[in-house]
$ cat work-v7.txt   # compact mmCIF, C-alpha atoms
# COMPACT_ATOMS: atom_id res chain seq x y z
CA ASN A 1 7.26 2.39 -5.32
CA ALA A 2 5.59 0.73 -8.31
CA GLY A 3 6.82 -2.85 -7.67
CA VAL A 4 5.11 -5.11 -10.22
CA THR A 5 2.86 -3.38 -12.76
CA GLN A 6 0.38 -5.28 -14.92
CA THR A 7 -1.54 -3.95 -17.90
CA PRO A 8 -4.36 -3.97 -18.71
CA LYS A 9 -6.35 -4.36 -15.48
CA PHE A 10 -9.49 -5.62 -17.25
CA GLN A 11 -10.14 -7.07 -20.68
CA VAL A 12 -13.01 -8.78 -22.48
CA LEU A 13 -12.21 -10.88 -25.53
CA LYS A 14 -14.17 -12.98 -27.96
CA THR A 15 -13.29 -16.62 -28.49
CA GLY A 16 -10.45 -16.92 -30.98
CA GLN A 17 -9.02 -13.44 -30.43
CA SER A 18 -5.42 -12.98 -29.39
CA MET A 19 -4.05 -10.82 -26.61
CA THR A 20 -0.83 -10.03 -24.79
CA LEU A 21 -0.73 -9.29 -21.08
CA GLN A 22 2.13 -7.05 -20.03
CA CYS A 23 4.14 -7.13 -16.81
CA ALA A 24 7.02 -4.95 -15.65
CA GLN A 25 8.95 -4.90 -12.36
CA ASP A 26 11.26 -2.22 -11.02
CA MET A 27 12.94 -4.21 -8.22
CA ASN A 28 15.84 -5.52 -10.36
CA HIS A 29 14.60 -9.07 -9.79
CA ASN A 30 16.02 -11.95 -11.77
CA SER A 31 12.95 -14.20 -11.86
CA MET A 32 9.44 -13.50 -13.11
CA TYR A 33 6.26 -15.59 -13.12
CA TRP A 34 2.77 -15.76 -14.58
CA TYR A 35 -0.09 -17.33 -12.62
CA ARG A 36 -3.79 -17.73 -13.11
CA GLN A 37 -6.22 -17.79 -10.19
CA ASP A 38 -9.61 -19.43 -10.44
CA PRO A 39 -12.22 -20.03 -7.70
CA GLY A 40 -11.43 -23.20 -5.79
CA MET A 41 -8.22 -23.79 -7.77
CA GLY A 42 -5.81 -21.43 -6.05
CA LEU A 43 -2.82 -19.93 -7.84
CA ARG A 44 -1.55 -22.04 -10.72
CA LEU A 45 1.79 -21.35 -12.38
CA ILE A 46 1.56 -20.92 -16.15
CA TYR A 47 5.14 -20.04 -17.12
CA TYR A 48 8.15 -18.61 -15.40
CA SER A 49 11.50 -17.10 -16.26
CA ALA A 50 14.19 -17.95 -13.72
CA SER A 51 16.58 -15.46 -15.31
CA GLU A 52 16.73 -13.15 -18.31
CA GLY A 53 16.87 -15.22 -21.48
CA THR A 54 15.20 -18.34 -20.05
CA THR A 55 11.58 -19.44 -19.81
CA ASP A 56 10.04 -22.65 -18.47
CA LYS A 57 6.61 -24.22 -18.37
CA GLY A 58 4.67 -24.32 -15.15
CA GLU A 59 1.65 -26.37 -14.18
CA VAL A 60 -0.81 -25.11 -16.84
CA PRO A 61 1.10 -23.84 -19.92
CA ASN A 62 -1.23 -25.05 -22.69
CA GLY A 63 -2.72 -22.22 -24.74
CA TYR A 64 -0.15 -19.65 -23.60
CA ASN A 65 3.21 -18.30 -24.71
CA VAL A 66 5.61 -15.98 -22.91
CA SER A 67 8.42 -13.61 -23.75
CA ARG A 68 11.06 -12.31 -21.36
CA LEU A 69 11.68 -9.07 -23.20
CA ASN A 70 14.44 -7.88 -20.86
CA LYS A 71 15.18 -8.08 -17.15
CA ARG A 72 12.21 -5.84 -16.29
CA GLU A 73 9.48 -7.15 -18.59
CA PHE A 74 7.72 -10.50 -18.99
CA SER A 75 4.68 -10.80 -21.26
CA LEU A 76 2.02 -13.51 -21.55
CA ARG A 77 0.29 -14.14 -24.86
CA LEU A 78 -2.97 -15.91 -25.62
CA GLU A 79 -2.84 -16.78 -29.32
CA SER A 80 -6.44 -17.98 -29.69
CA ALA A 81 -8.46 -17.24 -26.57
CA ALA A 82 -10.90 -19.85 -25.25
CA PRO A 83 -13.64 -19.45 -22.60
CA SER A 84 -11.63 -21.79 -20.32
CA GLN A 85 -8.98 -19.08 -20.13
CA THR A 86 -11.36 -16.70 -18.37
CA SER A 87 -9.48 -16.01 -15.16
CA VAL A 88 -7.53 -13.51 -13.11
CA TYR A 89 -3.90 -13.42 -14.20
CA PHE A 90 -1.11 -12.41 -11.83
CA CYS A 91 2.47 -11.57 -12.60
CA ALA A 92 5.12 -11.88 -9.88
CA SER A 93 8.86 -11.40 -9.51
CA SER A 94 11.57 -12.53 -7.10
CA ASP A 95 15.33 -12.42 -6.65
CA GLY A 96 15.68 -15.97 -7.93
CA THR A 97 17.04 -19.32 -6.86
CA GLY A 98 19.74 -18.49 -4.35
CA THR A 99 19.77 -18.85 -0.60
CA GLY A 100 17.37 -16.87 1.54
CA VAL A 101 13.61 -16.80 1.48
CA GLN A 102 13.39 -14.77 -1.76
CA PRO A 103 9.65 -14.24 -1.69
CA GLN A 104 7.66 -13.41 -4.78
CA HIS A 105 6.08 -9.99 -5.16
CA PHE A 106 2.81 -9.77 -7.05
CA GLY A 107 1.02 -7.28 -9.23
CA ASP A 108 -2.67 -6.55 -8.78
CA GLY A 109 -3.78 -8.77 -11.64
CA THR A 110 -5.52 -8.65 -14.99
CA ARG A 111 -9.15 -9.75 -15.01
CA LEU A 112 -9.77 -11.44 -18.35
CA SER A 113 -13.17 -12.57 -19.62
CA ILE A 114 -13.51 -14.57 -22.82
CA LEU A 115 -16.96 -14.79 -24.35
CA GLN I 1 -2.35 -35.95 -2.57
CA LYS I 2 -1.54 -32.30 -3.24
CA GLU I 3 1.87 -31.12 -2.08
CA VAL I 4 0.33 -28.40 0.11
CA GLU I 5 -3.07 -28.70 1.76
CA GLN I 6 -4.96 -25.74 3.19
CA ASP I 7 -8.55 -25.58 4.41
CA PRO I 8 -10.43 -23.11 2.17
CA GLY I 9 -12.79 -21.93 4.92
CA PRO I 10 -14.43 -19.51 5.23
CA LEU I 11 -13.34 -19.06 8.82
CA SER I 12 -15.61 -16.58 10.62
CA VAL I 13 -14.54 -15.06 13.94
CA PRO I 14 -15.58 -12.09 16.05
CA GLU I 15 -13.31 -9.08 16.40
CA GLY I 16 -10.64 -9.63 19.04
CA ALA I 17 -10.46 -13.41 18.59
CA ILE I 18 -7.23 -15.34 18.16
CA VAL I 19 -7.10 -16.88 14.69
CA SER I 20 -5.13 -19.97 13.71
CA LEU I 21 -4.52 -20.69 10.03
CA ASN I 22 -2.72 -23.85 8.99
CA CYS I 23 -1.10 -25.71 6.11
CA THR I 24 0.24 -29.22 5.84
CA TYR I 25 2.74 -30.34 3.25
CA SER I 26 4.19 -33.59 2.01
CA ASN I 27 7.61 -32.65 0.57
CA SER I 28 10.28 -32.62 3.28
CA ALA I 29 12.61 -30.68 0.95
CA PHE I 30 10.72 -27.42 1.55
CA GLN I 31 12.95 -25.06 3.53
CA TYR I 32 11.40 -21.61 3.15
CA PHE I 33 7.87 -20.87 4.29
CA MET I 34 5.77 -17.81 3.57
CA TRP I 35 2.34 -16.44 4.32
CA TYR I 36 0.59 -14.13 1.89
CA ARG I 37 -2.53 -12.05 2.47
CA GLN I 38 -4.85 -11.33 -0.43
CA TYR I 39 -7.61 -8.77 -0.23
CA SER I 40 -10.52 -8.97 -2.63
CA ARG I 41 -9.58 -7.88 -6.17
CA LYS I 42 -5.93 -7.37 -5.24
CA GLY I 43 -2.74 -9.36 -5.66
CA PRO I 44 -1.24 -11.46 -2.85
CA GLU I 45 1.07 -9.50 -0.58
CA LEU I 46 3.80 -11.04 1.53
CA LEU I 47 2.86 -11.06 5.20
CA MET I 48 5.55 -13.13 6.91
CA TYR I 49 8.26 -15.62 6.12
CA THR I 50 10.33 -18.15 8.06
CA TYR I 51 13.25 -20.40 7.32
CA SER I 52 13.19 -24.01 8.52
CA SER I 53 11.61 -24.71 11.92
CA GLY I 54 10.68 -22.32 14.70
CA ASN I 55 8.59 -19.27 15.39
CA LYS I 56 8.65 -15.73 14.08
CA GLU I 57 6.63 -12.89 15.52
CA ASP I 58 5.67 -9.57 13.93
CA GLY I 59 3.20 -7.46 15.85
CA ARG I 60 -0.09 -9.34 16.08
CA PHE I 61 1.13 -12.08 13.73
CA THR I 62 3.13 -15.21 14.59
CA ALA I 63 4.34 -17.74 12.03
CA GLN I 64 5.24 -21.21 13.22
CA VAL I 65 6.90 -24.08 11.36
CA ASP I 66 7.05 -27.69 12.57
CA LYS I 67 9.13 -29.56 10.01
CA SER I 68 8.89 -32.86 11.87
CA SER I 69 5.10 -32.79 11.43
CA LYS I 70 5.23 -30.99 8.05
CA TYR I 71 2.86 -28.38 9.44
CA ILE I 72 2.94 -24.58 9.39
CA SER I 73 0.68 -22.12 11.17
CA LEU I 74 -0.14 -18.44 11.18
CA PHE I 75 -1.61 -16.99 14.37
CA ILE I 76 -3.36 -13.63 14.44
CA ARG I 77 -3.95 -12.09 17.87
CA ASP I 78 -6.63 -9.49 18.56
CA SER I 79 -8.10 -9.96 15.08
CA GLN I 80 -9.57 -6.90 13.36
CA PRO I 81 -12.17 -6.53 10.59
CA SER I 82 -9.30 -5.26 8.42
CA ASP I 83 -7.76 -8.75 8.70
CA SER I 84 -10.62 -10.11 6.61
CA ALA I 85 -8.88 -11.54 3.55
CA THR I 86 -7.69 -14.79 2.02
CA TYR I 87 -4.46 -16.13 3.51
CA LEU I 88 -2.21 -18.29 1.35
CA CYS I 89 0.73 -20.33 2.54
CA ALA I 90 3.67 -20.83 0.19
CA MET I 91 6.85 -22.89 0.32
CA ARG I 92 10.13 -23.09 -1.58
CA ILE I 93 12.93 -25.59 -1.98
CA SER I 94 16.41 -24.08 -1.87
CA GLY I 95 17.86 -23.80 -5.37
CA TYR I 96 14.48 -23.46 -7.05
CA SER I 97 12.79 -20.15 -7.85
CA THR I 98 9.22 -21.46 -7.92
CA LEU I 99 6.86 -21.50 -4.95
CA THR I 100 4.25 -24.10 -4.08
CA PHE I 101 1.07 -22.45 -2.80
CA GLY I 102 -1.83 -23.67 -0.74
CA LYS I 103 -5.24 -22.79 -2.14
CA GLY I 104 -5.85 -20.20 0.56
CA THR I 105 -8.15 -19.82 3.58
CA MET I 106 -10.77 -17.07 3.56
CA LEU I 107 -10.96 -15.28 6.93
CA LEU I 108 -13.92 -13.11 7.92
CA VAL I 109 -13.62 -11.00 11.08
CA SER I 110 -16.91 -9.46 12.16
CA PRO I 111 -17.10 -6.25 14.23

$ encode --input "work-v7.txt" --output "structure tokens"
Amino acid sequence: NAGVTQTPKFQVLKTGQSMTLQCAQDMNHNSMYWYRQDPGMGLRLIYYSASEGTTDKGEVPNGYNVSRLNKREFSLRLESAAPSQTSVYFCASSDGTGTGVQPQHFGDGTRLSIL
Amino acid sequence: QKEVEQDPGPLSVPEGAIVSLNCTYSNSAFQYFMWYRQYSRKGPELLMYTYSSGNKEDGRFTAQVDKSSKYISLFIRDSQPSDSATYLCAMRISGYSTLTFGKGTMLLVSP
């Protein structure tokens, strides 16, 4: 029962470097999400993909890009990392927009430090 | 005013206490309400969910929604040290895939 798998679990980057965070889900979910979590700020939505082939900005999209590679995979890219992007990044998935609670299921996060 | 307000705590209680965790919200369009538990260095995991108003019970946990007051609660009976975690409330509007989260309340249960 893998659920949502994120790689890598930890990463240290230098300012200006680029990096892609990977996320895959095995629950056949339609929607996928990327969040960042910072102390005192809670979970903030960066980008989401309501269905395969679509992506939308969340609350804090600046400095990030995403790709919904297929139904299972949703990647987050930092093109030129900045110290302000030091955070814990979570990927989540859910069934989508229909009726019912449709909760999101989370991975265990990627801890990213940018020096 | 944030859409969802949640006291960050920490809330410290002795083992066996009854714990009450709460969120208030401003958007009356929210219909689905969830509670997540997040242990240190782990992702949030779904604990309970409810639809519209009313109560839902699952073992030692009870989720309560009062839509007229725009207030949701999570009660934990006979709290255990293993309940020590951050609890996040989350809400969804029907037809939208995104959730609105509270910032989370840190709970510490001492033996």

$ atom_distance --input "work-v7.txt" --atom1 "atom CA of I:Ser97" --atom2 "atom CA of A:Ala82"
29.4 Å

$ interface_residues --input "work-v7.txt" --of "chain A" --to "chain I" --cutoff "7 Å" --atoms "all atoms listed in the file" --output "PyMOL selection string"
chain A and resi 41-43+50+96-99+101+105-109

$ atom_distance --input "work-v7.txt" --atom1 "atom CA of A:Ser84" --atom2 "atom CA of A:Tyr47"
17.2 Å

$ atom_distance --input "work-v7.txt" --atom1 "atom CA of A:Asp56" --atom2 "atom CA of A:Ser75"
13.3 Å

$ residues_around --input "work-v7.txt" --residues "I:Thr105" --least-positions-apart "2" --cutoff "6 Å" --atoms "all atoms listed in the file" --output "list in words"
Asp7, Pro8, Gly9, Thr86 and Tyr87 of chain I

$ closest_residue --input "work-v7.txt" --among "A:Val60, A:Val66, A:Leu112, A:Met32" --to "A:Pro8" --atoms "only C-alpha atoms"
A:Leu112

$ residues_around --input "work-v7.txt" --residues "I:Arg77" --least-positions-apart "5" --cutoff "10 Å" --atoms "only C-alpha atoms" --output "list in words"
Glu15, Gly16, Ala17, Ile18, Val19, Ser20, Gly59, Arg60, Phe61 and Thr62 of chain I

$ residues_near_point --input "work-v7.txt" --point "(-5.3, -17.9, -24.6)" --cutoff "8 Å" --atoms "all atoms listed in the file" --output "number ranges by chain"
A: 18-19, 63-64, 77-82, 85

$ closest_residue --input "work-v7.txt" --among "I:Val109, I:Arg37, I:Leu21, I:Glu5" --to "I:Asp78" --atoms "all atoms listed in the file"
I:Val109

$ residues_around --input "work-v7.txt" --residues "A:Ser31" --least-positions-apart "2" --cutoff "12 Å" --atoms "only C-alpha atoms" --output "PDB file with C-alpha atoms, in the frame of the given file"
ATOM      1  CA  ALA A  24       7.020  -4.950 -15.650  1.00  0.00           C
ATOM      2  CA  GLN A  25       8.950  -4.900 -12.360  1.00  0.00           C
ATOM      3  CA  MET A  27      12.940  -4.210  -8.220  1.00  0.00           C
ATOM      4  CA  ASN A  28      15.840  -5.520 -10.360  1.00  0.00           C
ATOM      5  CA  HIS A  29      14.600  -9.070  -9.790  1.00  0.00           C
ATOM      6  CA  TYR A  33       6.260 -15.590 -13.120  1.00  0.00           C
ATOM      7  CA  TRP A  34       2.770 -15.760 -14.580  1.00  0.00           C
ATOM      8  CA  TYR A  47       5.140 -20.040 -17.120  1.00  0.00           C
ATOM      9  CA  TYR A  48       8.150 -18.610 -15.400  1.00  0.00           C
ATOM     10  CA  SER A  49      11.500 -17.100 -16.260  1.00  0.00           C
ATOM     11  CA  ALA A  50      14.190 -17.950 -13.720  1.00  0.00           C
ATOM     12  CA  SER A  51      16.580 -15.460 -15.310  1.00  0.00           C
ATOM     13  CA  GLU A  52      16.730 -13.150 -18.310  1.00  0.00           C
ATOM     14  CA  GLY A  53      16.870 -15.220 -21.480  1.00  0.00           C
ATOM     15  CA  THR A  54      15.200 -18.340 -20.050  1.00  0.00           C
ATOM     16  CA  THR A  55      11.580 -19.440 -19.810  1.00  0.00           C
ATOM     17  CA  ASP A  56      10.040 -22.650 -18.470  1.00  0.00           C
ATOM     18  CA  ARG A  68      11.060 -12.310 -21.360  1.00  0.00           C
ATOM     19  CA  ASN A  70      14.440  -7.880 -20.860  1.00  0.00           C
ATOM     20  CA  LYS A  71      15.180  -8.080 -17.150  1.00  0.00           C
ATOM     21  CA  ARG A  72      12.210  -5.840 -16.290  1.00  0.00           C
ATOM     22  CA  GLU A  73       9.480  -7.150 -18.590  1.00  0.00           C
ATOM     23  CA  PHE A  74       7.720 -10.500 -18.990  1.00  0.00           C
ATOM     24  CA  CYS A  91       2.470 -11.570 -12.600  1.00  0.00           C
ATOM     25  CA  ALA A  92       5.120 -11.880  -9.880  1.00  0.00           C
ATOM     26  CA  SER A  93       8.860 -11.400  -9.510  1.00  0.00           C
ATOM     27  CA  SER A  94      11.570 -12.530  -7.100  1.00  0.00           C
ATOM     28  CA  ASP A  95      15.330 -12.420  -6.650  1.00  0.00           C
ATOM     29  CA  GLY A  96      15.680 -15.970  -7.930  1.00  0.00           C
ATOM     30  CA  THR A  97      17.040 -19.320  -6.860  1.00  0.00           C
ATOM     31  CA  GLY A  98      19.740 -18.490  -4.350  1.00  0.00           C
ATOM     32  CA  GLN A 102      13.390 -14.770  -1.760  1.00  0.00           C
ATOM     33  CA  PRO A 103       9.650 -14.240  -1.690  1.00  0.00           C
ATOM     34  CA  GLN A 104       7.660 -13.410  -4.780  1.00  0.00           C
ATOM     35  CA  HIS A 105       6.080  -9.990  -5.160  1.00  0.00           C
TER      36      HIS A 105
ATOM     37  CA  TYR I  96      14.480 -23.460  -7.050  1.00  0.00           C
ATOM     38  CA  SER I  97      12.790 -20.150  -7.850  1.00  0.00           C
ATOM     39  CA  THR I  98       9.220 -21.460  -7.920  1.00  0.00           C
ATOM     40  CA  LEU I  99       6.860 -21.500  -4.950  1.00  0.00           C
TER      41      LEU I  99
END
